[in-house]
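Here is query-v4.txt, consisting of compact mmCIF, C-alpha atoms (C1' of nucleotides):
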# COMPACT_ATOMS: atom_id res chain seq x y z
CA MET T 1 34.29 40.35 -12.65
CA THR T 2 36.08 40.69 -9.36
CA LYS T 3 39.73 40.06 -10.05
CA ALA T 4 42.16 42.22 -8.10
CA ALA T 5 45.61 41.13 -9.18
CA ASP T 6 48.37 40.56 -6.66
CA GLY T 7 48.96 44.29 -6.39
CA GLY T 8 45.45 45.08 -5.13
CA LEU T 9 45.20 47.05 -1.91
CA ARG T 10 43.37 44.17 -0.33
CA HIS T 11 46.17 41.75 -1.03
CA ARG T 12 48.79 44.09 0.33
CA LYS T 13 46.87 44.74 3.52
CA LYS T 14 46.33 41.05 4.08
CA ALA T 15 49.98 40.21 3.65
CA LEU T 16 50.90 43.05 5.98
CA MET T 17 48.43 42.00 8.64
CA ARG T 18 49.71 38.45 8.52
CA GLN T 19 53.24 39.65 9.01
CA GLN T 20 52.20 41.99 11.81
CA LEU T 21 50.46 39.20 13.67
CA GLN T 22 53.48 36.94 13.34
CA GLN T 23 55.91 39.59 14.50
CA HIS T 24 53.86 40.64 17.51
CA ALA T 25 53.26 37.02 18.42
CA LEU T 26 56.94 36.12 18.27
CA ARG T 27 57.88 39.21 20.25
CA LEU T 28 55.35 38.47 22.97
CA PHE T 29 56.17 34.74 23.11
CA LEU T 30 59.86 35.48 23.54
CA SER T 31 59.37 38.16 26.16
CA GLN T 32 56.56 36.69 28.26
CA GLY T 33 56.47 33.05 27.29
CA TYR T 34 54.13 31.15 25.00
CA GLU T 35 51.45 30.04 27.45
CA ALA T 36 51.43 33.37 29.25
CA THR T 37 50.55 35.11 25.99
CA THR T 38 46.91 34.87 24.97
CA VAL T 39 45.65 35.13 21.42
CA GLU T 40 43.68 38.14 22.61
CA MET T 41 46.93 39.91 23.51
CA ILE T 42 48.47 39.21 20.12
CA ALA T 43 45.38 40.42 18.31
CA THR T 44 45.19 43.58 20.42
CA ALA T 45 48.88 44.27 19.85
CA ALA T 46 48.24 44.05 16.11
CA GLY T 47 45.16 46.23 16.46
CA VAL T 48 42.51 43.67 15.59
CA SER T 49 40.07 41.35 17.35
CA HIS T 50 40.80 37.74 18.21
CA MET T 51 38.51 36.59 15.40
CA THR T 52 40.74 38.22 12.85
CA PHE T 53 43.69 36.37 14.30
CA PHE T 54 41.98 33.05 13.77
CA ARG T 55 41.08 34.02 10.22
CA TYR T 56 44.78 34.36 9.45
CA PHE T 57 46.02 31.41 11.50
CA PRO T 58 43.84 28.41 12.30
CA THR T 59 45.49 27.89 15.69
CA LYS T 60 47.75 29.75 18.08
CA GLU T 61 50.52 27.33 17.16
CA ASP T 62 50.37 28.10 13.47
CA VAL T 63 51.45 31.68 13.95
CA VAL T 64 54.87 30.29 14.85
CA LEU T 65 54.97 27.19 12.69
CA ALA T 66 53.82 28.66 9.39
CA ASP T 67 56.84 28.68 7.13
CA GLU T 68 57.63 28.84 3.48
CA TYR T 69 60.55 26.46 3.26
CA ASP T 70 58.73 23.36 2.03
CA PRO T 71 58.23 24.52 -1.59
CA VAL T 72 61.89 25.53 -1.80
CA LEU T 73 62.98 22.13 -0.56
CA VAL T 74 60.70 20.32 -2.98
CA ALA T 75 62.04 22.32 -5.92
CA ARG T 76 65.65 21.66 -4.98
CA LEU T 77 65.01 17.97 -4.47
CA ALA T 78 63.49 17.56 -7.89
CA ALA T 79 66.49 19.29 -9.45
CA ARG T 80 69.05 16.88 -8.02
CA PRO T 81 70.66 14.28 -10.30
CA PRO T 82 68.35 11.24 -10.48
CA THR T 83 71.05 8.70 -9.73
CA GLU T 84 72.04 10.36 -6.46
CA PRO T 85 71.05 8.40 -3.32
CA ILE T 86 68.08 9.75 -1.40
CA TRP T 87 70.02 10.84 1.65
CA GLU T 88 72.48 12.80 -0.48
CA LYS T 89 69.68 14.46 -2.38
CA LEU T 90 68.11 15.48 0.89
CA ARG T 91 71.32 16.73 2.43
CA HIS T 92 72.27 18.87 -0.54
CA ALA T 93 68.79 20.16 -1.24
CA VAL T 94 68.58 21.48 2.30
CA LEU T 95 72.03 23.00 2.23
CA GLU T 96 71.28 24.66 -1.10
CA GLY T 97 68.05 26.04 0.27
CA LEU T 98 69.84 27.41 3.30
CA ALA T 99 72.81 28.92 1.50
CA PRO T 100 71.16 32.01 -0.02
CA LEU T 101 69.69 33.14 3.32
CA PRO T 102 71.16 36.37 4.74
CA ALA T 103 72.95 36.13 8.07
CA GLU T 104 70.08 37.87 9.79
CA ALA T 105 67.63 35.21 8.69
CA TYR T 106 69.68 32.60 10.53
CA ALA T 107 69.37 34.48 13.80
CA VAL T 108 65.59 34.67 13.48
CA LEU T 109 65.42 31.04 12.45
CA LEU T 110 67.45 29.99 15.46
CA GLN T 111 65.18 31.94 17.81
CA ARG T 112 62.14 30.36 16.24
CA THR T 113 63.68 26.90 16.36
CA ARG T 114 64.53 27.25 20.02
CA LEU T 115 61.02 28.39 20.78
CA ILE T 116 59.59 25.41 18.95
CA PHE T 117 61.80 22.87 20.68
CA THR T 118 61.08 24.44 24.05
CA VAL T 119 57.29 24.67 23.98
CA PRO T 120 55.60 21.24 24.08
CA ALA T 121 52.57 22.28 22.04
CA LEU T 122 54.78 23.72 19.30
CA ARG T 123 57.15 20.79 19.35
CA ALA T 124 54.37 18.26 18.91
CA ARG T 125 52.80 20.13 16.00
CA GLN T 126 56.21 20.55 14.43
CA TRP T 127 56.86 16.80 14.39
CA ASP T 128 53.49 16.26 12.81
CA GLN T 129 54.17 18.83 10.13
CA GLN T 130 57.47 17.21 9.44
CA HIS T 131 55.94 13.83 8.88
CA ALA T 132 53.44 15.46 6.57
CA THR T 133 56.34 16.60 4.41
CA GLU T 134 57.38 13.02 3.94
CA ALA T 135 54.61 12.61 1.40
CA LEU T 136 55.63 15.83 -0.34
CA ILE T 137 59.23 14.72 -0.59
CA LEU T 138 58.35 11.27 -1.87
CA ALA T 139 56.30 12.91 -4.59
CA ALA T 140 59.08 15.35 -5.42
CA LEU T 141 61.46 12.42 -5.80
CA GLY T 142 59.06 10.68 -8.13
CA TYR T 143 58.12 7.77 -5.87
CA PRO T 144 54.50 6.67 -5.68
CA THR T 145 52.93 7.10 -2.24
CA GLY T 146 53.20 3.71 -0.64
CA GLU T 147 56.67 2.87 -1.92
CA ARG T 148 57.84 1.47 1.37
CA THR T 149 61.59 1.39 0.92
CA ALA T 150 61.76 5.00 -0.20
CA TRP T 151 59.37 5.96 2.56
CA VAL T 152 61.62 4.48 5.23
CA LEU T 153 64.66 6.22 3.80
CA VAL T 154 62.97 9.60 3.59
CA ALA T 155 61.69 9.24 7.16
CA ALA T 156 65.17 8.40 8.39
CA GLY T 157 66.63 11.31 6.43
CA LEU T 158 64.14 13.75 7.85
CA ALA T 159 64.77 12.45 11.35
CA THR T 160 68.45 13.14 10.78
CA LEU T 161 67.64 16.66 9.67
CA THR T 162 65.52 17.33 12.72
CA THR T 163 68.19 15.97 14.98
CA ALA T 164 70.57 18.42 13.36
CA LEU T 165 68.15 21.27 14.06
CA SER T 166 67.82 20.08 17.62
CA ILE T 167 71.59 20.10 18.06
CA TRP T 168 71.79 23.54 16.49
CA ALA T 169 69.18 24.88 18.91
CA GLU T 170 71.16 23.63 21.88
CA GLN T 171 74.40 25.44 21.10
CA ASP T 172 75.28 29.06 20.47
CA ASP T 173 76.93 29.33 17.08
CA VAL T 174 74.32 30.77 14.73
CA SER T 175 76.40 29.90 11.68
CA ALA T 176 77.02 26.28 12.63
CA LEU T 177 73.91 24.86 10.99
CA PRO T 178 75.45 23.69 7.68
CA ASN T 179 78.30 21.96 9.49
CA ILE T 180 75.94 20.28 11.89
CA ILE T 181 73.78 19.07 9.04
CA ASN T 182 76.80 17.63 7.25
CA THR T 183 78.04 15.89 10.37
CA ALA T 184 74.60 14.43 11.00
CA PHE T 185 74.31 13.00 7.50
CA ASP T 186 77.82 11.64 7.70
CA ALA T 187 76.81 9.79 10.84
CA LEU T 188 73.72 8.44 9.12
CA LEU T 189 75.75 7.16 6.18
CA LYS T 190 78.25 5.42 8.41
CA GLY T 191 75.38 4.01 10.42
CA ARG T 192 77.33 1.22 12.04
CA LEU T 193 77.92 2.19 15.64
CA PRO T 194 79.42 0.81 17.78
CA TYR T 195 81.93 -1.04 15.63
CA GLU T 196 83.48 -0.56 12.18
CA MET I 197 52.26 4.71 59.56
CA THR I 198 50.44 4.80 56.30
CA LYS I 199 51.79 1.94 54.29
CA ALA I 200 49.23 0.04 52.32
CA ALA I 201 51.18 -2.45 50.27
CA ASP I 202 50.36 -3.03 46.63
CA GLY I 203 47.40 -5.17 47.62
CA GLY I 204 45.54 -2.40 49.45
CA LEU I 205 41.98 -1.76 48.41
CA ARG I 206 42.89 1.77 47.43
CA HIS I 207 45.55 0.58 45.04
CA ARG I 208 43.27 -1.95 43.44
CA LYS I 209 40.48 0.57 42.99
CA LYS I 210 42.85 3.08 41.45
CA ALA I 211 44.24 0.59 38.97
CA LEU I 212 40.73 -0.50 38.10
CA MET I 213 39.47 3.03 37.62
CA ARG I 214 42.39 3.83 35.37
CA GLN I 215 41.63 0.82 33.25
CA GLN I 216 37.91 1.63 33.20
CA LEU I 217 38.58 5.15 31.99
CA GLN I 218 40.88 3.90 29.25
CA GLN I 219 38.44 1.25 28.07
CA HIS I 220 35.43 3.55 27.99
CA ALA I 221 37.49 6.23 26.27
CA LEU I 222 38.72 3.88 23.57
CA ARG I 223 35.24 2.47 23.04
CA LEU I 224 33.70 5.93 22.69
CA PHE I 225 36.49 7.25 20.48
CA LEU I 226 36.12 4.31 18.11
CA SER I 227 32.34 4.48 17.95
CA GLN I 228 31.72 8.23 17.86
CA GLY I 229 35.07 9.72 16.95
CA TYR I 230 37.70 11.42 19.09
CA GLU I 231 36.58 15.04 18.84
CA ALA I 232 32.92 14.14 19.17
CA THR I 233 33.64 12.50 22.52
CA THR I 234 34.04 14.88 25.45
CA VAL I 235 35.97 14.16 28.60
CA GLU I 236 32.69 14.61 30.43
CA MET I 237 31.20 11.69 28.49
CA ILE I 238 34.12 9.41 29.29
CA ALA I 239 33.99 10.31 32.96
CA THR I 240 30.24 9.79 33.11
CA ALA I 241 30.56 6.43 31.35
CA ALA I 242 33.07 5.40 34.00
CA GLY I 243 30.80 6.73 36.74
CA VAL I 244 32.96 9.61 37.92
CA SER I 245 33.23 13.35 37.47
CA HIS I 246 35.46 15.02 34.90
CA MET I 247 37.87 16.10 37.63
CA THR I 248 38.61 12.50 38.46
CA PHE I 249 39.43 11.88 34.84
CA PHE I 250 42.05 14.60 34.89
CA ARG I 251 43.50 13.23 38.09
CA TYR I 252 44.22 9.98 36.27
CA PHE I 253 45.24 11.44 32.92
CA PRO I 254 46.71 14.93 32.55
CA THR I 255 45.09 15.44 29.14
CA LYS I 256 42.45 13.86 26.97
CA GLU I 257 45.21 12.62 24.68
CA ASP I 258 47.02 10.75 27.42
CA VAL I 259 44.15 8.34 27.95
CA VAL I 260 45.04 6.89 24.55
CA LEU I 261 48.78 7.45 24.49
CA ALA I 262 49.68 6.12 27.91
CA ASP I 263 51.50 2.87 27.34
CA GLU I 264 53.85 0.60 29.16
CA TYR I 265 56.14 -0.46 26.32
CA ASP I 266 59.03 1.92 26.93
CA PRO I 267 60.45 0.15 30.00
CA VAL I 268 60.28 -3.18 28.18
CA LEU I 269 62.13 -1.76 25.23
CA VAL I 270 64.79 -0.19 27.43
CA ALA I 271 65.38 -3.48 29.25
CA ARG I 272 65.70 -5.44 26.01
CA LEU I 273 68.04 -2.88 24.51
CA ALA I 274 70.41 -3.02 27.45
CA ALA I 275 70.48 -6.82 27.19
CA ARG I 276 71.67 -6.90 23.58
CA PRO I 277 75.31 -7.78 22.83
CA PRO I 278 77.38 -4.58 23.12
CA THR I 279 79.14 -5.02 19.79
CA GLU I 280 75.89 -5.17 17.84
CA PRO I 281 75.19 -2.08 15.69
CA ILE I 282 72.55 0.30 17.05
CA TRP I 283 69.98 -0.36 14.35
CA GLU I 284 70.21 -4.11 14.90
CA LYS I 285 69.87 -3.69 18.64
CA LEU I 286 66.78 -1.62 18.08
CA ARG I 287 65.23 -3.96 15.57
CA HIS I 288 65.69 -7.05 17.71
CA ALA I 289 64.76 -5.41 21.00
CA VAL I 290 61.45 -4.37 19.50
CA LEU I 291 60.78 -7.76 17.95
CA GLU I 292 61.62 -9.50 21.22
CA GLY I 293 59.29 -7.17 23.09
CA LEU I 294 56.50 -7.86 20.63
CA ALA I 295 56.93 -11.65 20.46
CA PRO I 296 55.40 -12.63 23.81
CA LEU I 297 52.21 -10.64 23.21
CA PRO I 298 49.05 -12.74 22.78
CA ALA I 299 47.27 -12.49 19.44
CA GLU I 300 44.50 -10.45 21.02
CA ALA I 301 46.91 -7.78 22.14
CA TYR I 302 47.92 -7.21 18.53
CA ALA I 303 44.34 -6.48 17.52
CA VAL I 304 43.95 -3.91 20.27
CA LEU I 305 47.32 -2.40 19.45
CA LEU I 306 46.37 -2.08 15.81
CA GLN I 307 43.12 -0.33 16.68
CA ARG I 308 44.95 2.05 18.96
CA THR I 309 47.66 2.68 16.38
CA ARG I 310 45.10 3.47 13.70
CA LEU I 311 43.33 5.86 16.03
CA ILE I 312 46.59 7.63 16.81
CA PHE I 313 47.63 8.01 13.20
CA THR I 314 44.16 9.21 12.26
CA VAL I 315 43.56 11.89 14.87
CA PRO I 316 45.84 14.93 14.44
CA ALA I 317 46.03 15.77 18.12
CA LEU I 318 47.03 12.22 19.01
CA ARG I 319 49.48 11.96 16.15
CA ALA I 320 51.29 15.12 17.15
CA ARG I 321 51.62 14.08 20.78
CA GLN I 322 52.77 10.64 19.69
CA TRP I 323 55.65 12.06 17.67
CA ASP I 324 56.66 14.14 20.63
CA GLN I 325 56.59 11.15 22.96
CA GLN I 326 58.66 9.25 20.49
CA HIS I 327 61.36 11.86 20.43
CA ALA I 328 61.32 11.84 24.20
CA THR I 329 62.21 8.14 24.09
CA GLU I 330 65.33 8.99 22.12
CA ALA I 331 66.94 10.15 25.35
CA LEU I 332 65.81 7.01 27.15
CA ILE I 333 67.24 4.77 24.47
CA LEU I 334 70.54 6.60 24.35
CA ALA I 335 70.84 6.14 28.08
CA ALA I 336 69.89 2.46 27.84
CA LEU I 337 72.61 1.99 25.24
CA GLY I 338 75.14 3.65 27.50
CA TYR I 339 75.75 6.79 25.45
CA PRO I 340 75.97 10.13 27.22
CA THR I 341 73.20 12.57 26.32
CA GLY I 342 74.71 14.78 23.68
CA GLU I 343 76.63 12.08 21.84
CA ARG I 344 75.66 13.34 18.43
CA THR I 345 76.47 10.38 16.22
CA ALA I 346 74.53 7.94 18.36
CA TRP I 347 71.71 10.45 18.63
CA VAL I 348 71.36 10.68 14.88
CA LEU I 349 71.36 6.92 14.52
CA VAL I 350 68.77 6.38 17.21
CA ALA I 351 66.55 9.06 15.70
CA ALA I 352 66.80 7.42 12.29
CA GLY I 353 66.10 4.02 13.81
CA LEU I 354 63.03 5.26 15.65
CA ALA I 355 61.80 6.97 12.49
CA THR I 356 62.09 3.63 10.75
CA LEU I 357 60.12 1.96 13.49
CA THR I 358 57.36 4.55 13.28
CA THR I 359 57.20 4.23 9.55
CA ALA I 360 56.73 0.50 10.03
CA LEU I 361 53.87 1.18 12.43
CA SER I 362 52.38 3.58 9.93
CA ILE I 363 52.54 0.95 7.20
CA TRP I 364 51.02 -1.63 9.52
CA ALA I 365 48.13 0.70 10.32
CA GLU I 366 47.36 1.15 6.64
CA GLN I 367 46.91 -2.52 5.80
CA ASP I 368 44.72 -5.25 7.17
CA ASP I 369 46.93 -8.12 8.29
CA VAL I 370 47.08 -7.92 12.09
CA SER I 371 49.97 -10.36 12.23
CA ALA I 372 52.13 -8.58 9.66
CA LEU I 373 53.89 -6.28 12.10
CA PRO I 374 57.11 -8.27 12.63
CA ASN I 375 57.57 -8.74 8.90
CA ILE I 376 56.96 -5.07 8.22
CA ILE I 377 59.48 -4.10 10.88
CA ASN I 378 62.07 -6.41 9.38
CA THR I 379 61.51 -5.09 5.90
CA ALA I 380 61.74 -1.51 7.12
CA PHE I 381 65.06 -2.09 8.86
CA ASP I 382 66.38 -3.94 5.83
CA ALA I 383 65.59 -0.89 3.75
CA LEU I 384 67.32 1.35 6.26
CA LEU I 385 70.45 -0.80 6.19
CA LYS I 386 70.61 -0.82 2.42
CA GLY I 387 70.02 2.91 2.45
CA ARG I 388 71.27 3.50 -1.03
CA LEU I 389 68.28 4.18 -3.23
CA PRO I 390 68.10 4.64 -6.14
CA TYR I 391 71.25 2.79 -7.17
CA GLU I 392 73.38 -0.10 -5.80
C1' DC E 393 32.22 60.02 -8.31
C1' DT E 394 28.65 56.86 -6.79
C1' DC E 395 26.34 52.70 -6.07
C1' DA E 396 25.84 47.76 -5.72
C1' DT E 397 28.73 43.74 -4.83
C1' DT E 398 32.17 41.16 -2.50
C1' DT E 399 35.59 40.65 1.09
C1' DT E 400 37.12 41.48 5.42
C1' DT E 401 36.37 42.59 10.13
C1' DG E 402 33.91 43.14 14.74
C1' DT E 403 30.53 41.53 18.21
C1' DT E 404 28.51 38.25 20.83
C1' DA E 405 27.55 33.80 22.46
C1' DT E 406 28.80 29.04 23.00
C1' DT E 407 31.53 24.72 23.49
C1' DC E 408 35.18 22.25 25.49
C1' DA E 409 39.73 21.25 27.65
C1' DC E 410 41.88 22.19 31.70
C1' DT E 411 42.93 24.38 36.55
C1' DA E 412 42.16 25.92 41.35
C1' DA E 413 39.87 26.01 45.90
C1' DC E 414 37.28 23.92 49.10
C1' DA E 415 33.93 20.62 50.89
C1' DT E 416 32.86 15.67 51.17
C1' DT E 417 33.34 11.03 51.08
C1' DT E 418 35.97 6.76 51.58
C1' DG E 419 39.89 3.76 52.86
C1' DT E 420 43.42 3.12 56.41
C1' DT E 421 45.57 2.79 60.96
C1' DA E 422 45.62 2.95 65.79
C1' DT P 423 35.28 3.26 66.82
C1' DA P 424 37.99 7.49 66.41
C1' DA P 425 41.60 10.06 63.86
C1' DC P 426 44.03 10.56 59.80
C1' DA P 427 45.10 10.48 54.94
C1' DA P 428 43.79 9.91 50.33
C1' DA P 429 40.46 10.13 46.63
C1' DT P 430 36.46 12.34 44.80
C1' DG P 431 32.79 15.90 43.98
C1' DT P 432 31.27 20.72 43.41
C1' DT P 433 31.75 25.02 41.71
C1' DA P 434 33.75 28.67 39.36
C1' DG P 435 36.97 30.27 36.26
C1' DT P 436 40.45 30.83 32.06
C1' DG P 437 41.55 30.43 27.37
C1' DA P 438 41.42 28.35 22.67
C1' DA P 439 38.41 27.71 18.97
C1' DT P 440 33.86 28.03 16.31
C1' DA P 441 29.35 29.92 14.58
C1' DA P 442 26.05 33.54 13.27
C1' DC P 443 25.14 37.85 12.14
C1' DA P 444 26.04 42.85 11.82
C1' DA P 445 29.21 46.52 10.30
C1' DA P 446 32.80 48.39 7.55
C1' DA P 447 36.00 48.60 3.87
C1' DA P 448 37.71 47.64 -0.92
C1' DT P 449 36.47 46.76 -5.70
C1' DG P 450 34.33 47.26 -10.36
C1' DA P 451 30.86 49.24 -13.36
C1' DG P 452 28.48 52.78 -15.05
If you took the structure in this file and wrote it as structure tokens, what would it be?
Amino acid sequence: MTKAADGGLRHRKKALMRQQLQQHALRLFLSQGYEATTVEMIATAAGVSHMTFFRYFPTKEDVVLADEYDPVLVARLAARPPTEPIWEKLRHAVLEGLAPLPAEAYAVLLQRTRLIFTVPALRARQWDQQHATEALILAALGYPTGERTAWVLVAAGLATLTTALSIWAEQDDVSALPNIINTAFDALLKGRLPYE
Amino acid sequence: MTKAADGGLRHRKKALMRQQLQQHALRLFLSQGYEATTVEMIATAAGVSHMTFFRYFPTKEDVVLADEYDPVLVARLAARPPTEPIWEKLRHAVLEGLAPLPAEAYAVLLQRTRLIFTVPALRARQWDQQHATEALILAALGYPTGERTAWVLVAAGLATLTTALSIWAEQDDVSALPNIINTAFDALLKGRLPYE
DNA sequence: CTCATTTTTGTTATTCACTAACATTTGTTA
DNA sequence: TAACAAATGTTAGTGAATAACAAAAATGAG
């Protein structure tokens, strides 16, 4: 039987290669621009052929967009008190997921976020990914897919979150993200501009 | 002086060609699928070369996504009573823009909407376009770009609208759109799931 | 350790979206 | 009808993505 546990050499090499590709890609994108960097260049920088690149990432975009935050968010959401309103669940789940990150991670995340919001191809794919998470979140909250009211609320909540990210990307305080998120959700809850 | 008014033969031919390209594209996409249809095929069907296609539409996606609804929406938004809350302005501006459309237009719009939500490349670009309209809407409402509270509210409102479109695309009543939009905005205004 | 098996990688060729340069046709104006 | 401007065709090229097959590396068994 062929069953190399997680510690197998193969597994380690794969994880390493994936990381290498991502790091070289990000470095090249930031220094020369996204379009000016070909997949060939990234692969060569990582010491492999372009085919290997595409075996790790289905598209050039995915090398930037691949992230591991969704499962964390889902777990946190499910752990929130059931009576809490959706938007509060979302707000706090995100903040809780962000809190344990080391300061350095924020800097990288900000760089990545700026890149994504700057490059049209990345931006478009990012929106699409985000809407794909809607289904995940609805499931995590225990709503059947198709529950329209909950769907609308989750979509609005996610839009708020993205707007917060967008605002974060446009200013220079790396540590401002939690505050921005809170302000954004406060605005959503008031929701009555111009009056009141 | 070269000044062929709107009625010039050139203008008419250009408008016609644009329409031809869009119609053939939509027809081919619906019958054979989006990816299975090449730009070459569309161009040939319209009796031109692929270069001409790209002179009318910058990308293959744009031949589906190009629409003329944004200016209408902006005009309606600006005409709403200033004291009305943002989400109500948005809801009614959209409904007013939709009302004068002939029944046939709805059928076409539904087809197009389904295509967009089905094809990943179109979906992604659509989200991106939508977020681009945020700026337009903010301007139409008289908020300076960067007004964060209004930004959040507009983003949430647009997300609601898109969710309504998504729901519309997944059912079979062509005439249900206004009702779905109303229900979606009602949900947004309640915004307090699970309790209250 | 060695050999057969499985997984991963490289090579090569191909498709398709999209761009650039230049020649050609077609509408417009005098 | 001649001169000009705008739209189109032709051709060649780049780069992302896929497919098919050959080569190399890791794994497990004996």
request  = Give me, please, the distance in Å between atom C1' of DG450 of chain P and atom C1' of DC395 of chain E, quoted to one decimal.
outcome  =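 These two atoms are separated by 10.6 Å.
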inquiry  = Tell me as a ChimeraX atom specification which residues belonging to chain I come within 12 Å of chain E, counting all atoms listed in the file.
reply    = /I:197-201,204-210,231-237,246-247,249-251,253-257
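Picture a line from atom CA of Arg192 of chain T to atom CA of Pro281 of chain I; it runs 5.4 Å.
Our summary of the geometry notes that atom CA of Asp128 of chain T is positioned 13.9 Å from atom CA of Asp70 of chain T.
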query = Would you list which chain I residues are within 8 Å of chain T using only C-alpha atoms, as a PyMOL selection string?
reply = chain I and resi 278-283+316+319-324+344-349+351-353+355-356+359-360+363+380+383-384+387-391
Deliver the residues from the most recent selection as a file, using C-alpha atoms, as a compact mmCIF listing (two decimals), in the frame of the given file.
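Result file is part_9.txt:
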# COMPACT_ATOMS: atom_id res chain seq x y z
CA PRO I 278 77.38 -4.58 23.12
CA THR I 279 79.14 -5.02 19.79
CA GLU I 280 75.89 -5.17 17.84
CA PRO I 281 75.19 -2.08 15.69
CA ILE I 282 72.55 0.30 17.05
CA TRP I 283 69.98 -0.36 14.35
CA PRO I 316 45.84 14.93 14.44
CA ARG I 319 49.48 11.96 16.15
CA ALA I 320 51.29 15.12 17.15
CA ARG I 321 51.62 14.08 20.78
CA GLN I 322 52.77 10.64 19.69
CA TRP I 323 55.65 12.06 17.67
CA ASP I 324 56.66 14.14 20.63
CA ARG I 344 75.66 13.34 18.43
CA THR I 345 76.47 10.38 16.22
CA ALA I 346 74.53 7.94 18.36
CA TRP I 347 71.71 10.45 18.63
CA VAL I 348 71.36 10.68 14.88
CA LEU I 349 71.36 6.92 14.52
CA ALA I 351 66.55 9.06 15.70
CA ALA I 352 66.80 7.42 12.29
CA GLY I 353 66.10 4.02 13.81
CA ALA I 355 61.80 6.97 12.49
CA THR I 356 62.09 3.63 10.75
CA THR I 359 57.20 4.23 9.55
CA ALA I 360 56.73 0.50 10.03
CA ILE I 363 52.54 0.95 7.20
CA ALA I 380 61.74 -1.51 7.12
CA ALA I 383 65.59 -0.89 3.75
CA LEU I 384 67.32 1.35 6.26
CA GLY I 387 70.02 2.91 2.45
CA ARG I 388 71.27 3.50 -1.03
CA LEU I 389 68.28 4.18 -3.23
CA PRO I 390 68.10 4.64 -6.14
CA TYR I 391 71.25 2.79 -7.17
Listing only residues of chain P within 12 Å of chain I, what is the closest atom pair and its distance in Å (to one decimal) for each, using all atoms listed in the file, sorted by chain and residue number ascending, as a tab-separated table?
residue	atom	partner	partner_atom	distance
P:DC426	C1'	I:Thr198	CA	9.3
P:DA427	C1'	I:Thr198	CA	7.9
P:DA428	C1'	I:Arg206	CA	8.7
P:DA429	C1'	I:Thr248	CA	8.7
P:DT430	C1'	I:Thr248	CA	6.7
P:DG431	C1'	I:Ser245	CA	7.0
P:DT432	C1'	I:Ser245	CA	9.7
P:DT433	C1'	I:Met247	CA	11.6
